[in-house]
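**Q** Input structure: run.tsv, which contains TSV, C-alpha atoms and all ligand atoms.
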```tsv
chain	number	residue	atom	x	y	z
J	12	MET	CA	-19.95	-18.34	-5.76
J	13	ALA	CA	-17.71	-15.32	-6.43
J	14	LYS	CA	-14.73	-15.40	-8.75
J	15	ILE	CA	-11.49	-15.20	-6.75
J	16	LEU	CA	-9.24	-12.29	-7.74
J	17	ASP	CA	-5.82	-13.84	-7.13
J	18	GLY	CA	-3.39	-11.11	-6.08
J	19	ARG	CA	-0.42	-13.45	-6.34
J	20	VAL	CA	-1.03	-14.05	-10.06
J	21	ILE	CA	-1.50	-10.33	-10.76
J	22	ALA	CA	1.58	-9.42	-8.70
J	23	ALA	CA	3.65	-12.01	-10.62
J	24	GLU	CA	2.54	-10.42	-13.90
J	25	ILE	CA	3.65	-6.96	-12.67
J	26	GLN	CA	6.88	-8.48	-11.32
J	27	ARG	CA	7.81	-9.60	-14.83
J	28	GLU	CA	7.22	-6.05	-16.10
J	29	VAL	CA	9.32	-4.51	-13.32
J	30	ALA	CA	12.13	-7.01	-13.98
J	31	ALA	CA	12.20	-5.88	-17.63
J	32	ASP	CA	12.23	-2.24	-16.49
J	33	VAL	CA	15.12	-2.85	-14.08
J	34	ALA	CA	17.05	-4.65	-16.85
J	35	ALA	CA	16.49	-1.67	-19.19
J	36	LEU	CA	17.85	0.71	-16.54
J	37	ARG	CA	20.84	-1.57	-16.03
J	38	GLU	CA	21.67	-1.11	-19.73
J	39	LEU	CA	21.96	2.61	-18.94
J	40	GLY	CA	24.22	1.88	-15.97
J	41	ILE	CA	21.48	2.61	-13.42
J	42	GLN	CA	20.51	0.33	-10.53
J	43	PRO	CA	17.48	1.57	-8.55
J	44	GLY	CA	17.96	1.49	-4.77
J	45	LEU	CA	15.53	1.22	-1.84
J	46	THR	CA	16.37	1.89	1.80
J	47	VAL	CA	13.99	0.86	4.59
J	48	ILE	CA	14.25	2.36	8.07
J	49	LEU	CA	12.97	-0.09	10.66
J	50	ALA	CA	12.73	1.96	13.86
J	51	GLY	CA	9.89	0.25	15.68
J	52	ASP	CA	9.12	-2.83	17.76
J	53	ASP	CA	5.91	-4.14	16.17
J	54	PRO	CA	6.51	-7.92	16.03
J	55	ALA	CA	5.13	-8.13	12.45
J	56	SER	CA	7.43	-5.44	11.03
J	57	PRO	CA	10.66	-7.48	10.57
J	58	LEU	CA	8.77	-10.02	8.45
J	59	TYR	CA	7.20	-7.28	6.30
J	60	VAL	CA	10.62	-5.68	5.81
J	61	ARG	CA	12.26	-9.03	5.00
J	62	ASN	CA	9.64	-9.70	2.31
J	63	LYS	CA	10.33	-6.30	0.75
J	64	MET	CA	14.11	-6.86	0.82
J	65	ARG	CA	13.70	-10.33	-0.71
J	66	MET	CA	11.66	-8.89	-3.58
J	67	CYS	CA	14.33	-6.23	-4.17
J	68	GLU	CA	16.96	-8.96	-4.35
J	69	THR	CA	14.88	-11.01	-6.82
J	70	LEU	CA	14.47	-7.98	-9.07
J	71	GLY	CA	18.05	-6.67	-8.84
J	72	ILE	CA	17.05	-3.54	-6.93
J	73	ARG	CA	19.76	-2.39	-4.51
J	74	SER	CA	18.36	-2.65	-0.98
J	75	GLU	CA	19.37	-1.77	2.54
J	76	THR	CA	17.63	-1.90	5.92
J	77	ILE	CA	18.65	0.53	8.65
J	78	THR	CA	17.69	-0.64	12.15
J	79	PRO	CA	18.51	2.04	14.73
J	80	PRO	CA	18.61	1.05	18.42
J	81	PRO	CA	15.32	1.21	20.44
J	82	ASP	CA	16.43	4.39	22.24
J	83	VAL	CA	16.99	6.31	18.98
J	84	THR	CA	15.74	9.90	19.10
J	85	THR	CA	13.68	11.83	16.56
J	86	GLU	CA	16.70	14.08	15.89
J	87	GLU	CA	18.92	11.07	15.14
J	88	LEU	CA	16.33	9.66	12.73
J	89	LEU	CA	16.01	13.03	11.03
J	90	ALA	CA	19.79	12.99	10.49
J	91	ILE	CA	19.56	9.51	8.90
J	92	VAL	CA	16.76	10.69	6.59
J	93	GLU	CA	18.78	13.77	5.60
J	94	ARG	CA	21.76	11.56	4.72
J	95	LEU	CA	19.54	9.28	2.58
J	96	ASN	CA	17.90	12.28	0.89
J	97	ALA	CA	21.37	13.43	-0.22
J	98	ASP	CA	22.57	9.96	-1.32
J	99	ASP	CA	22.31	9.62	-5.10
J	100	ASN	CA	22.32	5.80	-4.85
J	101	VAL	CA	19.06	5.88	-2.87
J	102	ASP	CA	15.92	6.24	-5.00
J	103	GLY	CA	13.33	5.20	-2.43
J	104	ILE	CA	13.12	5.72	1.33
J	105	LEU	CA	10.52	3.73	3.23
J	106	ILE	CA	9.87	4.30	6.91
J	107	GLN	CA	8.29	1.15	8.31
J	108	LEU	CA	5.35	2.00	10.58
J	109	PRO	CA	4.64	1.98	13.47
J	110	MET	CA	7.77	3.68	14.84
J	111	PHE	CA	9.06	3.56	18.43
J	112	LYS	CA	6.76	5.43	20.85
J	113	GLN	CA	9.28	8.21	21.63
J	114	ILE	CA	9.55	9.17	17.92
J	115	ASP	CA	7.66	12.07	16.41
J	116	SER	CA	6.79	9.97	13.35
J	117	LYS	CA	5.03	12.81	11.50
J	118	ARG	CA	8.25	14.89	11.60
J	119	VAL	CA	10.31	11.97	10.33
J	120	LEU	CA	7.85	11.16	7.52
J	121	MET	CA	7.71	14.81	6.47
J	122	ALA	CA	11.52	14.95	6.28
J	123	VAL	CA	11.67	12.39	3.45
J	124	ASP	CA	12.37	14.01	0.08
J	125	PRO	CA	9.02	13.74	-1.81
J	126	ALA	CA	11.00	12.49	-4.85
J	127	LYS	CA	12.10	9.47	-2.74
J	128	ASP	CA	8.78	8.98	-0.88
J	129	VAL	CA	7.97	5.53	-2.34
J	130	ASP	CA	5.08	5.15	0.14
J	131	GLY	CA	3.39	8.19	-1.42
J	132	ILE	CA	2.45	9.66	1.96
J	133	HIS	CA	4.25	13.01	1.88
J	134	PRO	CA	1.75	15.90	1.51
J	135	VAL	CA	3.46	16.86	-1.77
J	136	ASN	CA	2.62	13.44	-3.22
J	137	ALA	CA	-0.85	13.45	-1.62
J	138	GLY	CA	-1.41	16.84	-3.29
J	139	ASN	CA	-0.10	15.58	-6.63
J	140	LEU	CA	-2.54	12.68	-6.41
J	141	ALA	CA	-5.47	14.92	-5.49
J	142	THR	CA	-4.73	17.20	-8.47
J	143	GLN	CA	-3.76	14.37	-10.88
J	144	ARG	CA	-0.15	15.52	-11.29
J	145	PRO	CA	2.72	13.03	-11.74
J	146	GLY	CA	4.09	11.73	-8.45
J	147	LEU	CA	4.40	8.69	-6.23
J	148	VAL	CA	1.11	7.04	-5.20
J	149	SER	CA	0.65	4.90	-2.05
J	150	CYS	CA	1.40	1.27	-2.84
J	151	THR	CA	-1.76	-0.44	-1.54
J	152	PRO	CA	-4.22	1.92	-3.30
J	153	ALA	CA	-2.20	1.72	-6.54
J	154	GLY	CA	-2.24	-2.08	-6.22
J	155	ILE	CA	-6.03	-2.13	-5.78
J	156	ILE	CA	-6.45	-0.27	-9.09
J	157	GLU	CA	-4.11	-2.78	-10.75
J	158	ILE	CA	-6.24	-5.67	-9.45
J	159	LEU	CA	-9.42	-4.08	-10.82
J	160	LYS	CA	-7.96	-3.16	-14.22
J	161	ARG	CA	-6.07	-6.40	-14.81
J	162	SER	CA	-9.18	-8.39	-13.84
J	163	GLY	CA	-11.22	-6.55	-16.49
J	164	VAL	CA	-13.48	-4.74	-14.00
J	165	THR	CA	-15.12	-1.63	-15.49
J	166	ILE	CA	-14.42	1.27	-13.15
J	167	ALA	CA	-15.74	4.19	-15.25
J	168	GLY	CA	-19.33	4.89	-14.28
J	169	ALA	CA	-19.36	2.25	-11.53
J	170	ARG	CA	-20.59	3.12	-8.05
J	171	ALA	CA	-17.61	2.57	-5.73
J	172	VAL	CA	-17.81	2.58	-1.97
J	173	VAL	CA	-14.65	2.74	0.16
J	174	VAL	CA	-14.93	1.92	3.86
J	175	GLY	CA	-12.07	3.60	5.77
J	176	ARG	CA	-10.60	7.08	5.26
J	177	SER	CA	-6.95	6.70	6.29
J	178	ASP	CA	-4.29	8.78	4.51
J	179	ILE	CA	-2.47	5.62	3.42
J	180	VAL	CA	-5.39	3.53	2.08
J	181	GLY	CA	-8.95	4.90	2.15
J	182	LYS	CA	-8.45	8.47	0.89
J	183	PRO	CA	-5.95	7.68	-1.90
J	184	VAL	CA	-7.95	4.71	-3.19
J	185	ALA	CA	-11.09	6.89	-3.25
J	186	LEU	CA	-9.18	9.51	-5.30
J	187	LEU	CA	-7.77	6.91	-7.70
J	188	LEU	CA	-11.25	5.45	-8.26
J	189	LEU	CA	-12.59	8.97	-8.83
J	190	HIS	CA	-9.84	9.63	-11.40
J	191	GLU	CA	-10.91	6.40	-13.13
J	192	HIS	CA	-14.41	7.97	-13.31
J	193	ALA	CA	-16.19	5.90	-10.67
J	194	THR	CA	-18.87	7.60	-8.56
J	195	VAL	CA	-17.24	7.33	-5.16
J	196	THR	CA	-18.60	7.31	-1.62
J	197	LEU	CA	-16.11	7.33	1.26
J	198	CYS	CA	-17.36	5.84	4.55
J	199	HIS	CA	-15.85	5.92	8.06
J	200	SER	CA	-16.67	5.21	11.68
J	201	ARG	CA	-19.31	7.97	11.86
J	202	THR	CA	-21.15	6.82	8.73
J	203	ARG	CA	-24.82	6.10	9.48
J	204	ASP	CA	-26.30	2.80	8.26
J	205	LEU	CA	-23.11	1.60	6.60
J	206	ALA	CA	-24.73	-1.51	5.09
J	207	ALA	CA	-27.36	0.60	3.26
J	208	ILE	CA	-24.49	2.45	1.53
J	209	THR	CA	-22.19	-0.52	0.86
J	210	ARG	CA	-25.15	-2.42	-0.67
J	211	GLN	CA	-25.20	0.19	-3.46
J	212	ALA	CA	-21.59	-0.53	-4.43
J	213	ASP	CA	-20.62	-2.13	-7.73
J	214	ILE	CA	-17.06	-1.97	-6.34
J	215	LEU	CA	-16.63	-2.23	-2.57
J	216	VAL	CA	-13.25	-1.58	-0.93
J	217	ALA	CA	-13.09	-2.62	2.73
J	218	ALA	CA	-10.22	-0.93	4.61
J	219	LEU	CA	-11.52	-0.41	8.12
J	220	GLY	CA	-9.26	-2.71	10.10
J	221	LYS	CA	-12.17	-4.60	11.74
J	222	PRO	CA	-11.73	-8.28	10.96
J	223	GLU	CA	-14.61	-10.02	9.14
J	224	SER	CA	-17.02	-7.16	9.86
J	225	ILE	CA	-18.28	-6.80	6.26
J	226	THR	CA	-20.62	-9.74	5.89
J	227	GLY	CA	-22.69	-10.86	2.91
J	228	ASP	CA	-25.60	-8.59	3.85
J	229	TYR	CA	-23.37	-5.52	3.23
J	230	ILE	CA	-22.84	-6.56	-0.39
J	231	LYS	CA	-24.86	-6.02	-3.56
J	232	PRO	CA	-25.28	-9.28	-5.51
J	233	GLY	CA	-22.57	-9.49	-8.18
J	234	ALA	CA	-20.38	-6.70	-6.71
J	235	VAL	CA	-16.59	-6.70	-6.87
J	236	VAL	CA	-15.22	-6.80	-3.33
J	237	ILE	CA	-11.65	-5.76	-2.49
J	238	ASP	CA	-10.63	-6.75	1.03
J	239	VAL	CA	-7.70	-4.66	2.29
J	240	GLY	CA	-7.86	-5.75	5.94
J	241	THR	CA	-5.04	-7.82	7.40
J	242	SER	CA	-5.49	-8.81	11.03
J	243	ARG	CA	-4.32	-11.80	13.05
J	244	VAL	CA	-7.29	-13.45	14.77
J	245	PRO	CA	-7.42	-16.37	17.21
J	246	ASP	CA	-8.37	-19.70	15.61
J	247	ALA	CA	-7.99	-22.89	17.62
J	248	SER	CA	-7.84	-25.00	14.44
J	249	ALA	CA	-4.95	-22.96	12.92
J	250	PRO	CA	-1.22	-23.57	13.50
J	251	LYS	CA	-0.10	-21.52	16.56
J	252	GLY	CA	-3.82	-20.81	17.24
J	253	MET	CA	-3.87	-17.72	14.98
J	254	ARG	CA	-4.75	-16.99	11.36
J	255	TRP	CA	-4.90	-14.00	9.01
J	256	ALA	CA	-8.31	-12.41	8.49
J	257	GLY	CA	-9.52	-9.66	6.18
J	258	ASP	CA	-12.15	-7.03	6.94
J	259	VAL	CA	-14.63	-9.05	4.88
J	260	HIS	CA	-16.35	-12.19	6.17
J	261	PHE	CA	-15.28	-14.38	3.27
J	262	PRO	CA	-17.82	-17.26	3.52
J	263	SER	CA	-20.94	-15.05	3.50
J	264	ALA	CA	-19.47	-12.36	1.19
J	265	SER	CA	-18.27	-14.77	-1.48
J	266	ALA	CA	-21.76	-16.26	-1.69
J	267	VAL	CA	-23.15	-12.84	-2.76
J	268	ALA	CA	-20.28	-11.04	-4.55
J	269	GLY	CA	-19.40	-11.48	-8.22
J	270	ALA	CA	-15.67	-11.32	-7.52
J	271	ILE	CA	-13.61	-11.04	-4.35
J	272	THR	CA	-10.00	-10.83	-3.19
J	273	PRO	CA	-8.94	-13.42	-0.60
J	274	VAL	CA	-6.87	-12.76	2.56
J	275	PRO	CA	-4.07	-13.68	2.39
J	276	GLY	CA	-3.20	-13.64	-1.31
J	277	GLY	CA	-5.31	-10.69	-2.45
J	278	VAL	CA	-4.21	-7.09	-1.91
J	279	GLY	CA	-1.07	-7.94	0.14
J	280	PRO	CA	1.12	-9.21	-2.77
J	281	LEU	CA	0.22	-6.09	-4.75
J	282	THR	CA	1.44	-3.79	-1.96
J	283	ILE	CA	4.95	-5.26	-2.14
J	284	ILE	CA	5.22	-5.25	-5.92
J	285	MET	CA	3.88	-1.68	-6.16
J	286	LEU	CA	6.68	-0.64	-3.80
J	287	MET	CA	9.10	-2.00	-6.40
J	288	VAL	CA	7.20	-0.21	-9.18
J	289	ASN	CA	7.45	3.04	-7.17
J	290	THR	CA	11.19	2.58	-6.54
J	291	VAL	CA	11.86	2.18	-10.27
J	292	LYS	CA	9.50	5.09	-11.05
J	293	ALA	CA	11.27	7.27	-8.45
J	294	SER	CA	14.61	6.40	-10.02
J	295	ARG	CA	13.39	7.46	-13.47
J	296	LEU	CA	11.55	10.61	-12.31
J	297	ARG	CA	14.47	11.86	-10.20
J	298	ARG	CA	16.99	11.39	-13.02
J	299	ALA	CA	14.65	13.04	-15.53
J	300	ALA	CA	14.20	15.99	-13.14
J	301	ALA	CA	18.00	16.27	-12.68
J	302	ARG	CA	18.48	16.32	-16.50
J	303	ASN	CA	15.91	19.12	-16.88
J	304	LYS	CA	17.56	21.35	-14.24
N	401	LIG	P1	-6.69	2.91	9.95
N	401	LIG	O1	-5.70	4.00	9.79
N	401	LIG	O2	-6.95	2.34	11.31
N	401	LIG	O3	-8.10	3.46	9.39
N	401	LIG	C1	-9.28	2.74	9.53
N	401	LIG	C2	-10.41	3.52	8.93
N	401	LIG	O4	-11.60	2.73	9.04
N	401	LIG	C3	-10.70	4.85	9.62
N	401	LIG	O5	-10.96	5.84	8.66
N	401	LIG	C4	-11.94	4.57	10.46
N	401	LIG	O6	-12.82	5.66	10.58
N	401	LIG	C5	-12.62	3.49	9.63
N	401	LIG	N1	-13.46	2.64	10.47
N	401	LIG	C6	-13.10	2.01	11.61
N	401	LIG	N2	-14.14	1.32	12.11
N	401	LIG	C7	-15.16	1.49	11.25
N	401	LIG	C8	-16.50	1.03	11.20
N	401	LIG	N3	-16.98	0.24	12.15
N	401	LIG	N4	-17.28	1.42	10.19
N	401	LIG	C9	-16.79	2.21	9.21
N	401	LIG	N5	-15.52	2.68	9.19
N	401	LIG	C10	-14.73	2.33	10.20
N	401	LIG	O7	-6.38	1.68	9.02
N	401	LIG	P2	-5.55	1.57	7.62
N	401	LIG	O8	-4.12	1.82	7.85
N	401	LIG	O9	-6.28	2.31	6.55
N	401	LIG	O10	-5.72	0.00	7.36
N	401	LIG	C11	-6.99	-0.63	7.25
N	401	LIG	C12	-6.80	-2.14	7.19
N	401	LIG	O11	-6.03	-2.45	6.03
N	401	LIG	C13	-6.00	-2.73	8.36
N	401	LIG	O12	-6.51	-4.04	8.63
N	401	LIG	C14	-4.59	-2.83	7.84
N	401	LIG	O13	-3.85	-3.84	8.47
N	401	LIG	C15	-4.87	-3.18	6.40
N	401	LIG	N6	-3.80	-2.84	5.45
N	401	LIG	C16	-3.41	-3.81	4.60
N	401	LIG	C17	-2.45	-3.55	3.65
N	401	LIG	C18	-2.07	-4.61	2.70
N	401	LIG	O14	-1.02	-4.52	2.07
N	401	LIG	N7	-2.90	-5.64	2.51
N	401	LIG	C19	-1.85	-2.28	3.58
N	401	LIG	C20	-2.29	-1.27	4.46
N	401	LIG	C21	-3.29	-1.57	5.40
N	401	LIG	P3	-12.43	7.03	11.35
N	401	LIG	O15	-11.56	7.80	10.43
N	401	LIG	O16	-13.75	7.68	11.57
N	401	LIG	O17	-11.75	6.62	12.62
```
As structure tokens, what does this structure read like?
Ligand code: NAP

**A**
Amino acid sequence: MAKILDGRVIAAEIQREVAADVAALRELGIQPGLTVILAGDDPASPLYVRNKMRMCETLGIRSETITPPPDVTTEELLAIVERLNADDNVDGILIQLPMFKQIDSKRVLMAVDPAKDVDGIHPVNAGNLATQRPGLVSCTPAGIIEILKRSGVTIAGARAVVVGRSDIVGKPVALLLLHEHATVTLCHSRTRDLAAITRQADILVAALGKPESITGDYIKPGAVVIDVGTSRVPDASAPKGMRWAGDVHFPSASAVAGAITPVPGGVGPLTIIMLMVNTVKASRLRRAAARNK
């Protein structure tokens, strides 16, 4: 039976470090600030945003949520982003996705000052990551590396397979693993014989958004399995008839893997805490850049 990599325990450890960092900034008269723009109607989004705000409150990070009306236009959102870009009290700007259908979300995301892009999705930050320059890295991929390192998993020289090539998870996690000297294969929906490739992985990251599709026969015995997927699936035995599921079929995978993250309680808690880490980092980097001007 695989060892469970408990994301809540690892996130709590990082939370203590961030709290110390925020306290140190306070001594200098600085309070990092995060603003979230919630301009969408996905029913799960308000809960995600609330969890982020609650964590800010716990850590003493100034937080604000802007919720424009459902008929907001792209131009109006661009004006909000411009105002936040210019506001010295705002260190991080997070645009909660998905946005309302009428919004040109790419334009809005591109308008965020890269120095305040705590989601690490602006092309400037994506380029910094690709070329190993300092910048802000997407929260979920950064959290996955924290799970691996803090669990004592050897990344250098390992064969890592990432399933999913999104800009927000698959590509950045593949780059981070590469920078940690893993030999990385990136798979997607056109990959032929996926299981033959995933079975070679010492470290397998599943981020394809297909609940419970990675079963035990996709996994090399003893491998470390990181399950990024978060989907709600019907389950008659669960309260309200629904439960959370990862992209990995936990019962069969945990019988083969050496270590595995659960869903919930694996990658998810890391995503929130890495957003806090990025907000504090953005605060420091922006002030250092202003001093060097
Ligand atoms: P996404 O943008 O939909 O990307 C999914 C990727 O998986 C695509 O690259 C797609 O390939 C690939 N794919 C789809 N079906 C496949 C298949 N059958 N075989 C191989 N590859 C396949 O999703 P995402 O935003 O990266 O998110 C992935 C999952 O992680 C979702 O369940 C999401 O909810 C979850 N997530 C969780 C957290 C967290 O904090 N825990 C954070 C972010 C995302 P193509 O490119 O060829 O279409």

**Q** Can you tell me which residues surround Arg295 in chain J at a distance of at most 9 Å, considering all atoms listed in the file, apart from same-chain residues fewer than 5 positions away, and format the answer as a PyMOL selection string?

**A** chain J and resi 36+43+102+290+300

**Q** Would you mind reading off the distance between CA of Ile155 in chain J and CA of Gly276 in chain J, one decimal, in Å?

**A**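 That distance, rounded to one decimal, is 12.7 Å.
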
**Q** Please list as an MDAnalysis selection string every residue within 12 Å of Ala31 in chain J, counting only C-alpha atoms and excluding residues in the same chain fewer than 3 positions away.

**A** chainID J and resid 24:28 34:38 70:72 288 291

**Q** List the spatial neighbours of Ala206 in chain J as a PyMOL selection string - criterion: any atom at most 9 Å away, only C-alpha atoms, same-chain residues fewer than 6 positions off excluded.

**A** chain J and resi 225+228-230

**Q** Would you pick out the contacts of range 141-154 of chain J at 6 Å or less, using all atoms listed in the file, so that residues sharing its chain but fewer than 4 positions from it are not included, and give the list as a list in words?

**A**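 Surrounding residues, per the criterion: Asp130, Gly131, Asn136, Val180, Val184, Leu281, Thr282, Met285 and Leu286 of chain J.
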
**Q** At what distance in Å, to one decimal, does atom C12 of ligand LIG 401 (chain N) lie from CA of Ala249 in chain J?

**A**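 So the two atoms, CA of Ala249 in chain J and atom C12 of ligand LIG 401 (chain N), lie 21.7 Å apart.
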
**Q** Could you report the residues within 8 Å of ligand LIG 401 (chain N), using only C-alpha atoms and all ligand atoms, as a ChimeraX atom specification?

**A** /J:150-151,174-181,198-202,205,217-222,224,238-242,257-258,277-283

**Q** Output C-alpha atoms for every residue in the selection just made, as an mmCIF file, in the frame of the given file.

**A**
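Wrote result-v4.cif, looks like this:
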```cif
data_model
loop_
_atom_site.group_PDB
_atom_site.id
_atom_site.type_symbol
_atom_site.label_atom_id
_atom_site.label_comp_id
_atom_site.auth_asym_id
_atom_site.auth_seq_id
_atom_site.Cartn_x
_atom_site.Cartn_y
_atom_site.Cartn_z
ATOM 1 C CA CYS J 150 1.400 1.270 -2.840
ATOM 2 C CA THR J 151 -1.760 -0.440 -1.540
ATOM 3 C CA VAL J 174 -14.930 1.920 3.860
ATOM 4 C CA GLY J 175 -12.070 3.600 5.770
ATOM 5 C CA ARG J 176 -10.600 7.080 5.260
ATOM 6 C CA SER J 177 -6.950 6.700 6.290
ATOM 7 C CA ASP J 178 -4.290 8.780 4.510
ATOM 8 C CA ILE J 179 -2.470 5.620 3.420
ATOM 9 C CA VAL J 180 -5.390 3.530 2.080
ATOM 10 C CA GLY J 181 -8.950 4.900 2.150
ATOM 11 C CA CYS J 198 -17.360 5.840 4.550
ATOM 12 C CA HIS J 199 -15.850 5.920 8.060
ATOM 13 C CA SER J 200 -16.670 5.210 11.680
ATOM 14 C CA ARG J 201 -19.310 7.970 11.860
ATOM 15 C CA THR J 202 -21.150 6.820 8.730
ATOM 16 C CA LEU J 205 -23.110 1.600 6.600
ATOM 17 C CA ALA J 217 -13.090 -2.620 2.730
ATOM 18 C CA ALA J 218 -10.220 -0.930 4.610
ATOM 19 C CA LEU J 219 -11.520 -0.410 8.120
ATOM 20 C CA GLY J 220 -9.260 -2.710 10.100
ATOM 21 C CA LYS J 221 -12.170 -4.600 11.740
ATOM 22 C CA PRO J 222 -11.730 -8.280 10.960
ATOM 23 C CA SER J 224 -17.020 -7.160 9.860
ATOM 24 C CA ASP J 238 -10.630 -6.750 1.030
ATOM 25 C CA VAL J 239 -7.700 -4.660 2.290
ATOM 26 C CA GLY J 240 -7.860 -5.750 5.940
ATOM 27 C CA THR J 241 -5.040 -7.820 7.400
ATOM 28 C CA SER J 242 -5.490 -8.810 11.030
ATOM 29 C CA GLY J 257 -9.520 -9.660 6.180
ATOM 30 C CA ASP J 258 -12.150 -7.030 6.940
ATOM 31 C CA GLY J 277 -5.310 -10.690 -2.450
ATOM 32 C CA VAL J 278 -4.210 -7.090 -1.910
ATOM 33 C CA GLY J 279 -1.070 -7.940 0.140
ATOM 34 C CA PRO J 280 1.120 -9.210 -2.770
ATOM 35 C CA LEU J 281 0.220 -6.090 -4.750
ATOM 36 C CA THR J 282 1.440 -3.790 -1.960
ATOM 37 C CA ILE J 283 4.950 -5.260 -2.140
#
```
